[in-house]
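What follows is a short report on a single structure.
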Amino acid sequence: MPLSQRDGTGADDPLGSWNDGPTKQSILDFVARVTQAGGADYVAPGERIATFDNDGTLWSERPFPFQLFFALDQVKAMAPRYPEWQDKEPFKSVLAGDLKGILSGGYPALIEIFMATHSGMTTDEFGPAVVEWLAATRHPETNRLFTEMVFQPMLELLGYLRANGFKTFIVSGGGVEFMRTFAEITYGVPPEQVIGSSGKLRFEVRDGKPVLVKLPQIEVLDDSGEKPAAIQKHIGRRPIASFGNSDGDLEMLQWTTAGKGARFALLIHHNDATREWAYDRNPSIGQLDKALDEAAVKGWTVVDMKNDWRRVFPFQSTDAHR
């Protein structure tokens, strides 16, 4: 279904969920500049690369990134096979439903959870397991499927860019195999245009069939300075537009805007506690501090979620609460 029909905004305004104002206009002006043939800032279609963070940029990330919900459910499902988890952190906290205990272990604890629950199976097994989970599991506060917790204005932006010759990529700290299960149907971004954190894989032959087995070893954690490196490695072109929401996206936006010609960088400021969540400088996850300061200095576009978006989620009316 065309985007204009799906979002109900009408074909005359491809960004119908964005309020009119400087933020929306900055997007329209940039796209007009780089697509006007013969213009001083014209960019050929093959070079119109746009990169998007996922967690907090394309969908919500509260109370923590959604992939962690999947991992926690996997711990509970696997626990009968690992009785030692009852007394071993961070698994003890997971089984006790102690969120503070889980997060108190920081990244090492989260990595241990991900490694325990995402490794051992083949890639052919992992994908369907995620698809099944996404189809059945709901957000604890909104009672919506996680794939319904996407940002309607960003869906429109993705469609608008592609309609104007852009190729859109996801460059996220989330697990690449996890995101690839839903990115195409949810965002229109095919698997080969999804870049994320990844563990090592091993080729094996099981029962006469070649498979790729997920190993309990991190290959790349696609965050901060790793994002520009991953863009160069997987895309081979510097983006002309990048979109994020946290300090973890700062280097990607810096890399994008350091290139020659017209460039665009946008940060989403989560300041709407009514329709979504409000956080920026000092949250446990999704900190927007250094990047917010740099945006002010360099003139990057900052989305004021509260005032720039007519609605946040596809299931909301323009004045609905979450």
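Residue numbering restarts at 1 in every chain; chains get A, B, ... in the order shown in the structure tokens, and ligands count up from 1 in that same order.
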
Checklist entry - Within 12 Å of Lys200 (chain A), counting only C-alpha atoms, which residues qualify if same-chain residues fewer than 4 places away don't, as a PyMOL selection string? => result chain A and resi 115+118-120+122-123+175-177+212-221

Residues as selected, N, CA and C atoms, written as a tab-separated table (two decimals), in the first residue's frame, can you do that?
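Output file result_39.tsv is given in full below:
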chain	number	residue	atom	x	y	z
A	115	MET	N	25.14	-13.04	24.29
A	115	MET	CA	25.95	-14.15	23.83
A	115	MET	C	25.33	-15.50	24.22
A	118	HIS	N	21.93	-15.75	21.94
A	118	HIS	CA	21.97	-15.58	20.49
A	118	HIS	C	22.95	-16.52	19.82
A	119	SER	N	23.69	-17.30	20.57
A	119	SER	CA	24.70	-18.16	19.95
A	119	SER	C	24.29	-19.63	20.05
A	120	GLY	N	24.99	-20.44	19.29
A	120	GLY	CA	24.72	-21.88	19.30
A	120	GLY	C	23.77	-22.32	18.21
A	122	THR	N	21.81	-21.86	14.42
A	122	THR	CA	22.20	-21.42	13.09
A	122	THR	C	21.45	-20.14	12.74
A	123	THR	N	21.94	-19.46	11.72
A	123	THR	CA	21.26	-18.25	11.27
A	123	THR	C	19.86	-18.59	10.76
A	175	GLY	N	21.59	-5.82	16.91
A	175	GLY	CA	22.11	-6.98	16.22
A	175	GLY	C	21.64	-7.04	14.78
A	176	VAL	N	22.57	-7.23	13.85
A	176	VAL	CA	22.21	-7.19	12.43
A	176	VAL	C	21.24	-8.30	12.06
A	177	GLU	N	21.44	-9.52	12.61
A	177	GLU	CA	20.54	-10.63	12.27
A	177	GLU	C	19.15	-10.39	12.87
A	212	LEU	N	25.35	-21.84	8.85
A	212	LEU	CA	26.19	-20.87	9.55
A	212	LEU	C	25.77	-20.85	11.01
A	213	VAL	N	26.70	-21.13	11.89
A	213	VAL	CA	26.41	-21.22	13.32
A	213	VAL	C	26.85	-19.94	14.01
A	214	LYS	N	25.98	-19.40	14.84
A	214	LYS	CA	26.29	-18.19	15.60
A	214	LYS	C	27.17	-18.56	16.79
A	215	LEU	N	28.31	-17.89	16.91
A	215	LEU	CA	29.27	-18.18	17.97
A	215	LEU	C	29.17	-17.15	19.10
A	216	PRO	N	29.56	-17.52	20.31
A	216	PRO	CA	29.51	-16.59	21.45
A	216	PRO	C	30.71	-15.63	21.47
A	217	GLN	N	30.95	-15.00	20.34
A	217	GLN	CA	32.06	-14.07	20.22
A	217	GLN	C	31.61	-12.86	19.41
A	218	ILE	N	31.89	-11.68	19.91
A	218	ILE	CA	31.51	-10.46	19.20
A	218	ILE	C	32.50	-10.17	18.08
A	219	GLU	N	31.99	-9.89	16.92
A	219	GLU	CA	32.84	-9.49	15.80
A	219	GLU	C	32.94	-7.97	15.73
A	220	VAL	N	31.79	-7.29	15.87
A	220	VAL	CA	31.79	-5.83	15.87
A	220	VAL	C	30.61	-5.33	16.68
A	221	LEU	N	30.84	-4.30	17.49
A	221	LEU	CA	29.79	-3.60	18.21
A	221	LEU	C	29.59	-2.27	17.49

Checklist entry - Could you pull the residues within 6 Å of Pro90 (chain A), counting only C-alpha atoms, minus those fewer than 2 positions along the same chain, as a PyMOL selection string? => result chain A and resi 92-93+102+109

Selected residues written out, N, CA, C and O atoms, as a PDB file, in the first residue's frame:
ATOM      1  N   LYS A  92      20.566 -14.492  37.144  1.00  0.00           N
ATOM      2  CA  LYS A  92      19.761 -14.528  38.368  1.00  0.00           C
ATOM      3  C   LYS A  92      18.796 -13.351  38.386  1.00  0.00           C
ATOM      4  O   LYS A  92      17.604 -13.513  38.719  1.00  0.00           O
ATOM      5  N   SER A  93      19.280 -12.169  38.040  1.00  0.00           N
ATOM      6  CA  SER A  93      18.422 -10.986  38.011  1.00  0.00           C
ATOM      7  C   SER A  93      17.363 -11.091  36.922  1.00  0.00           C
ATOM      8  O   SER A  93      16.215 -10.665  37.106  1.00  0.00           O
ATOM      9  N   ILE A 102      19.759  -6.190  36.424  1.00  0.00           N
ATOM     10  CA  ILE A 102      20.269  -6.484  35.085  1.00  0.00           C
ATOM     11  C   ILE A 102      21.121  -5.329  34.580  1.00  0.00           C
ATOM     12  O   ILE A 102      22.256  -5.514  34.126  1.00  0.00           O
ATOM     13  N   ALA A 109      27.374  -7.187  31.333  1.00  0.00           N
ATOM     14  CA  ALA A 109      26.267  -8.070  31.667  1.00  0.00           C
ATOM     15  C   ALA A 109      25.340  -8.256  30.476  1.00  0.00           C
ATOM     16  O   ALA A 109      24.875  -9.385  30.192  1.00  0.00           O
TER      17      ALA A 109
END

Item to check | helix (DSSP H, G or I) per DSSP on the backbone: members of region 90-268 of chain A, as a PyMOL selection string | outcome: chain A and resi 91-96+99-104+106-118+123-136+146-148+152-163+176-179+183-187+191-193+226-234+247-257

Checklist entry - Counting only C-alpha atoms, what is within 10 Å of Phe151 (chain A), bar same-chain residues fewer than 5 positions away, as JSON, numbers by chain? => result {"A": [17, 56, 57, 58, 59, 60, 156, 157, 276, 309, 311, 312, 313, 314, 315]}

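Taking CA of Gln74 (chain A) as the reference point, CA of Arg138 (chain A) is found at 14.9 Å.
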
Checklist entry - For Ala32 (chain A), which of A:Leu95, A:Ile49, A:Leu288, A:Ala262 is the closest residue, counting only C-alpha atoms? => result A:Ala262

How would you write, as a short mmCIF file (atom, residue, chain, number, x, y, z; two decimals) with all heavy atoms, in the first residue's frame, the set of residues in region 196-228 of chain A that DSSP gives as strand (DSSP E)?
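The resulting part.cif:
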data_model
loop_
_atom_site.label_atom_id
_atom_site.label_comp_id
_atom_site.auth_asym_id
_atom_site.auth_seq_id
_atom_site.Cartn_x
_atom_site.Cartn_y
_atom_site.Cartn_z
N GLY A 196 24.71 -3.65 11.40
CA GLY A 196 24.55 -3.64 12.85
C GLY A 196 25.65 -4.40 13.55
O GLY A 196 26.61 -4.87 12.93
N SER A 197 25.49 -4.52 14.86
CA SER A 197 26.44 -5.32 15.63
C SER A 197 26.31 -6.78 15.22
O SER A 197 25.23 -7.24 14.85
CB SER A 197 26.15 -5.17 17.13
OG SER A 197 26.33 -3.83 17.54
N SER A 198 27.40 -7.49 15.32
CA SER A 198 27.36 -8.89 14.88
C SER A 198 28.33 -9.75 15.67
O SER A 198 29.36 -9.28 16.14
CB SER A 198 27.68 -9.00 13.38
OG SER A 198 28.98 -8.50 13.10
N GLY A 199 27.94 -11.00 15.81
CA GLY A 199 28.83 -11.99 16.40
C GLY A 199 29.49 -12.79 15.29
O GLY A 199 29.10 -12.70 14.12
N LYS A 200 30.48 -13.55 15.65
CA LYS A 200 31.17 -14.35 14.65
C LYS A 200 30.30 -15.54 14.24
O LYS A 200 29.49 -16.05 15.01
CB LYS A 200 32.51 -14.84 15.20
CG LYS A 200 33.52 -13.72 15.39
CD LYS A 200 34.88 -14.25 15.80
CE LYS A 200 35.89 -13.10 15.92
NZ LYS A 200 37.24 -13.59 16.28
N LEU A 201 30.49 -15.95 12.99
CA LEU A 201 29.77 -17.09 12.43
C LEU A 201 30.77 -18.16 12.01
O LEU A 201 31.90 -17.86 11.63
CB LEU A 201 28.94 -16.66 11.21
CG LEU A 201 27.88 -15.59 11.42
CD1 LEU A 201 27.27 -15.19 10.07
CD2 LEU A 201 26.78 -16.08 12.36
N ARG A 202 30.32 -19.40 12.09
CA ARG A 202 31.16 -20.51 11.64
C ARG A 202 30.39 -21.39 10.67
O ARG A 202 29.25 -21.78 10.93
CB ARG A 202 31.63 -21.34 12.84
CG ARG A 202 32.56 -22.51 12.44
CD ARG A 202 33.07 -23.24 13.66
NE ARG A 202 31.98 -23.87 14.41
CZ ARG A 202 31.93 -23.95 15.75
NH1 ARG A 202 32.90 -23.42 16.48
NH2 ARG A 202 30.91 -24.54 16.35
N PHE A 203 31.03 -21.69 9.56
CA PHE A 203 30.43 -22.59 8.57
C PHE A 203 30.55 -24.03 9.05
O PHE A 203 31.63 -24.47 9.45
CB PHE A 203 31.12 -22.42 7.22
CG PHE A 203 30.63 -23.36 6.16
CD1 PHE A 203 29.53 -23.05 5.37
CD2 PHE A 203 31.27 -24.58 5.94
CE1 PHE A 203 29.09 -23.91 4.39
CE2 PHE A 203 30.83 -25.46 4.96
CZ PHE A 203 29.73 -25.13 4.18
N GLU A 204 29.46 -24.76 9.02
CA GLU A 204 29.46 -26.18 9.36
C GLU A 204 28.56 -26.93 8.38
O GLU A 204 27.73 -26.32 7.69
CB GLU A 204 28.93 -26.41 10.78
CG GLU A 204 29.82 -25.89 11.89
CD GLU A 204 29.27 -26.23 13.28
OE1 GLU A 204 28.26 -26.99 13.34
OE2 GLU A 204 29.83 -25.74 14.28
N VAL A 205 28.71 -28.21 8.36
CA VAL A 205 27.79 -29.07 7.62
C VAL A 205 27.10 -29.96 8.65
O VAL A 205 27.74 -30.75 9.33
CB VAL A 205 28.53 -29.93 6.57
CG1 VAL A 205 27.54 -30.86 5.89
CG2 VAL A 205 29.21 -29.03 5.54
N ARG A 206 25.80 -29.78 8.78
CA ARG A 206 25.00 -30.56 9.73
C ARG A 206 23.98 -31.39 8.97
O ARG A 206 23.18 -30.85 8.20
CB ARG A 206 24.29 -29.63 10.72
CG ARG A 206 25.23 -28.90 11.68
CD ARG A 206 24.44 -28.07 12.69
NE ARG A 206 25.32 -27.42 13.66
CZ ARG A 206 24.89 -26.64 14.64
NH1 ARG A 206 23.58 -26.42 14.79
NH2 ARG A 206 25.75 -26.08 15.48
N LYS A 209 23.87 -30.74 5.38
CA LYS A 209 23.42 -29.42 4.92
C LYS A 209 24.35 -28.34 5.45
O LYS A 209 24.60 -28.27 6.65
CB LYS A 209 21.99 -29.15 5.42
CG LYS A 209 21.44 -27.80 4.99
CD LYS A 209 20.04 -27.59 5.54
CE LYS A 209 19.51 -26.21 5.15
NZ LYS A 209 18.15 -25.97 5.69
N PRO A 210 24.86 -27.45 4.58
CA PRO A 210 25.71 -26.35 5.03
C PRO A 210 24.90 -25.35 5.86
O PRO A 210 23.79 -24.96 5.47
CB PRO A 210 26.20 -25.71 3.73
CG PRO A 210 25.97 -26.74 2.67
CD PRO A 210 24.76 -27.50 3.11
N VAL A 211 25.45 -24.93 6.98
CA VAL A 211 24.79 -23.96 7.84
C VAL A 211 25.84 -22.97 8.37
O VAL A 211 27.04 -23.25 8.34
CB VAL A 211 24.07 -24.63 9.03
CG1 VAL A 211 22.94 -25.52 8.55
CG2 VAL A 211 25.06 -25.42 9.89
N LEU A 212 25.35 -21.84 8.85
CA LEU A 212 26.19 -20.87 9.55
C LEU A 212 25.77 -20.85 11.01
O LEU A 212 24.61 -20.55 11.32
CB LEU A 212 26.04 -19.48 8.93
CG LEU A 212 26.60 -19.30 7.51
CD1 LEU A 212 26.24 -17.93 6.96
CD2 LEU A 212 28.12 -19.50 7.52
N VAL A 213 26.70 -21.13 11.89
CA VAL A 213 26.41 -21.22 13.32
C VAL A 213 26.85 -19.94 14.01
O VAL A 213 27.97 -19.45 13.80
CB VAL A 213 27.12 -22.43 13.95
CG1 VAL A 213 26.82 -22.52 15.44
CG2 VAL A 213 26.71 -23.72 13.24
N LYS A 214 25.98 -19.40 14.84
CA LYS A 214 26.29 -18.19 15.60
C LYS A 214 27.17 -18.56 16.79
O LYS A 214 26.80 -19.40 17.60
CB LYS A 214 24.99 -17.51 16.06
CG LYS A 214 24.15 -16.99 14.90
CD LYS A 214 22.80 -16.48 15.36
CE LYS A 214 22.91 -15.25 16.24
NZ LYS A 214 23.49 -14.09 15.53
N LEU A 215 28.31 -17.89 16.91
CA LEU A 215 29.27 -18.18 17.97
C LEU A 215 29.17 -17.15 19.10
O LEU A 215 28.76 -16.01 18.88
CB LEU A 215 30.69 -18.17 17.40
CG LEU A 215 30.97 -19.14 16.25
CD1 LEU A 215 32.41 -18.98 15.78
CD2 LEU A 215 30.69 -20.57 16.66
N PRO A 216 29.56 -17.52 20.31
CA PRO A 216 29.51 -16.59 21.45
C PRO A 216 30.71 -15.63 21.47
O PRO A 216 31.39 -15.49 22.48
CB PRO A 216 29.51 -17.53 22.65
CG PRO A 216 30.29 -18.71 22.20
CD PRO A 216 29.95 -18.89 20.74
N GLN A 217 30.95 -15.00 20.34
CA GLN A 217 32.06 -14.07 20.22
C GLN A 217 31.61 -12.86 19.41
O GLN A 217 31.02 -13.02 18.34
CB GLN A 217 33.26 -14.73 19.52
CG GLN A 217 33.78 -15.98 20.20
CD GLN A 217 34.81 -16.67 19.34
OE1 GLN A 217 35.74 -16.04 18.84
NE2 GLN A 217 34.67 -17.98 19.17
N ILE A 218 31.89 -11.68 19.91
CA ILE A 218 31.51 -10.46 19.20
C ILE A 218 32.50 -10.17 18.08
O ILE A 218 33.71 -10.21 18.29
CB ILE A 218 31.46 -9.26 20.16
CG1 ILE A 218 30.36 -9.46 21.20
CG2 ILE A 218 31.21 -7.97 19.39
CD1 ILE A 218 30.31 -8.36 22.24
N GLU A 219 31.99 -9.89 16.92
CA GLU A 219 32.84 -9.49 15.80
C GLU A 219 32.94 -7.97 15.73
O GLU A 219 34.01 -7.41 15.55
CB GLU A 219 32.29 -10.03 14.48
CG GLU A 219 33.19 -9.78 13.31
CD GLU A 219 32.75 -10.56 12.09
OE1 GLU A 219 31.56 -10.44 11.72
OE2 GLU A 219 33.58 -11.30 11.52
N VAL A 220 31.79 -7.29 15.87
CA VAL A 220 31.79 -5.83 15.87
C VAL A 220 30.61 -5.33 16.68
O VAL A 220 29.52 -5.89 16.62
CB VAL A 220 31.74 -5.26 14.43
CG1 VAL A 220 30.45 -5.67 13.72
CG2 VAL A 220 31.86 -3.74 14.44
#

Next on the checklist: Just want the 10 Å neighbourhood of Met78 (chain A), counted on only C-alpha atoms, with same-chain residues fewer than 5 positions away dropped. Output as a ChimeraX atom specification.
Outcome noted: /A:72-73,83,85,116-117

Written file, previous selection with C-alpha atoms, as a JSON list (two decimals), in the first residue's frame:
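Output file selection_28.json follows:
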[["chain", "number", "residue", "atom", "x", "y", "z"],
["A", 72, "LEU", "CA", 15.45, -11.78, 28.40],
["A", 73, "ASP", "CA", 12.60, -13.96, 27.17],
["A", 83, "PRO", "CA", 20.06, -24.59, 36.51],
["A", 85, "TRP", "CA", 21.69, -19.56, 36.19],
["A", 116, "ALA", "CA", 24.15, -16.82, 25.87],
["A", 117, "THR", "CA", 20.86, -16.39, 24.05]]

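Residue neighbourhood of Val303 (chain A), excluding near-sequence residues (fewer than 2 positions): Ile268, His269 and Met305 of chain A, at 6 Å, using only C-alpha atoms.
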
Based on the selection just made, write C-alpha atoms of those residues as a PDB file, in the first residue's frame.
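Heads up, here's the output in result_9.pdb:
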ATOM      1  CA  ILE A 268      15.652  13.252  17.318  1.00  0.00           C
ATOM      2  CA  HIS A 269      15.215  14.844  20.738  1.00  0.00           C
ATOM      3  CA  MET A 305       9.388  15.532  19.093  1.00  0.00           C
TER       4      MET A 305
END

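Separating CA of Pro190 (chain A) from CA of Asp53 (chain A) is a distance of 14.9 Å.
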
Checklist entry - Quick one: distance from CA of Phe66 (chain A) to CA of Ala136 (chain A) in Å, one decimal? => result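 So the two atoms, CA of Phe66 (chain A) and CA of Ala136 (chain A), lie 13.6 Å apart.
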
Checklist entry - Pick the closest to Phe182 (chain A) from A:Gly127, A:Gly236, A:Pro22, A:Gly97: which is it, counting only C-alpha atoms? => result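 Comparing A:Gly127, A:Gly236, A:Pro22, A:Gly97 against Phe182 (chain A), the winner is A:Gly127.
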
Contacts of Gly106 (chain A) within 12 Å, only C-alpha atoms, excl. fewer than 5 positions in-chain, as a PDB file with C-alpha atoms, in the first residue's frame:
ATOM      1  CA  GLU A  89      24.460 -12.996  37.518  1.00  0.00           C
ATOM      2  CA  PRO A  90      23.203 -11.492  35.315  1.00  0.00           C
ATOM      3  CA  LEU A  99      15.564  -4.859  35.848  1.00  0.00           C
ATOM      4  CA  LYS A 100      17.808  -2.699  38.032  1.00  0.00           C
ATOM      5  CA  GLY A 101      19.964  -5.722  38.793  1.00  0.00           C
ATOM      6  CA  ILE A 111      26.799  -8.760  26.298  1.00  0.00           C
ATOM      7  CA  GLU A 112      26.817 -11.933  28.402  1.00  0.00           C
ATOM      8  CA  ILE A 113      23.040 -12.178  28.078  1.00  0.00           C
ATOM      9  CA  SER A 284      20.909   4.987  31.462  1.00  0.00           C
ATOM     10  CA  ILE A 285      20.341   4.255  27.757  1.00  0.00           C
TER      11      ILE A 285
END

Next on the checklist: Considering only C-alpha atoms, can you say which of A:Ala50, A:Leu266, A:Ala96, A:Ile195 comes closest to Glu294 (chain A)?
Outcome noted: A:Leu266

Checklist entry - Which is closer to Lys24 (chain A) than all the others in A:Gly38, A:Val130, A:Val189, A:Met154, using only C-alpha atoms? => result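 Checking each of A:Gly38, A:Val130, A:Val189, A:Met154 against Lys24 (chain A), counting only C-alpha atoms, the winner is A:Met154.
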
Next on the checklist: Nearest residue to Gln287 (chain A) out of A:Asn164, A:Ser246, A:Ser26, A:Ser224, using only C-alpha atoms?
Outcome noted: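 Closest candidate: A:Ser246.
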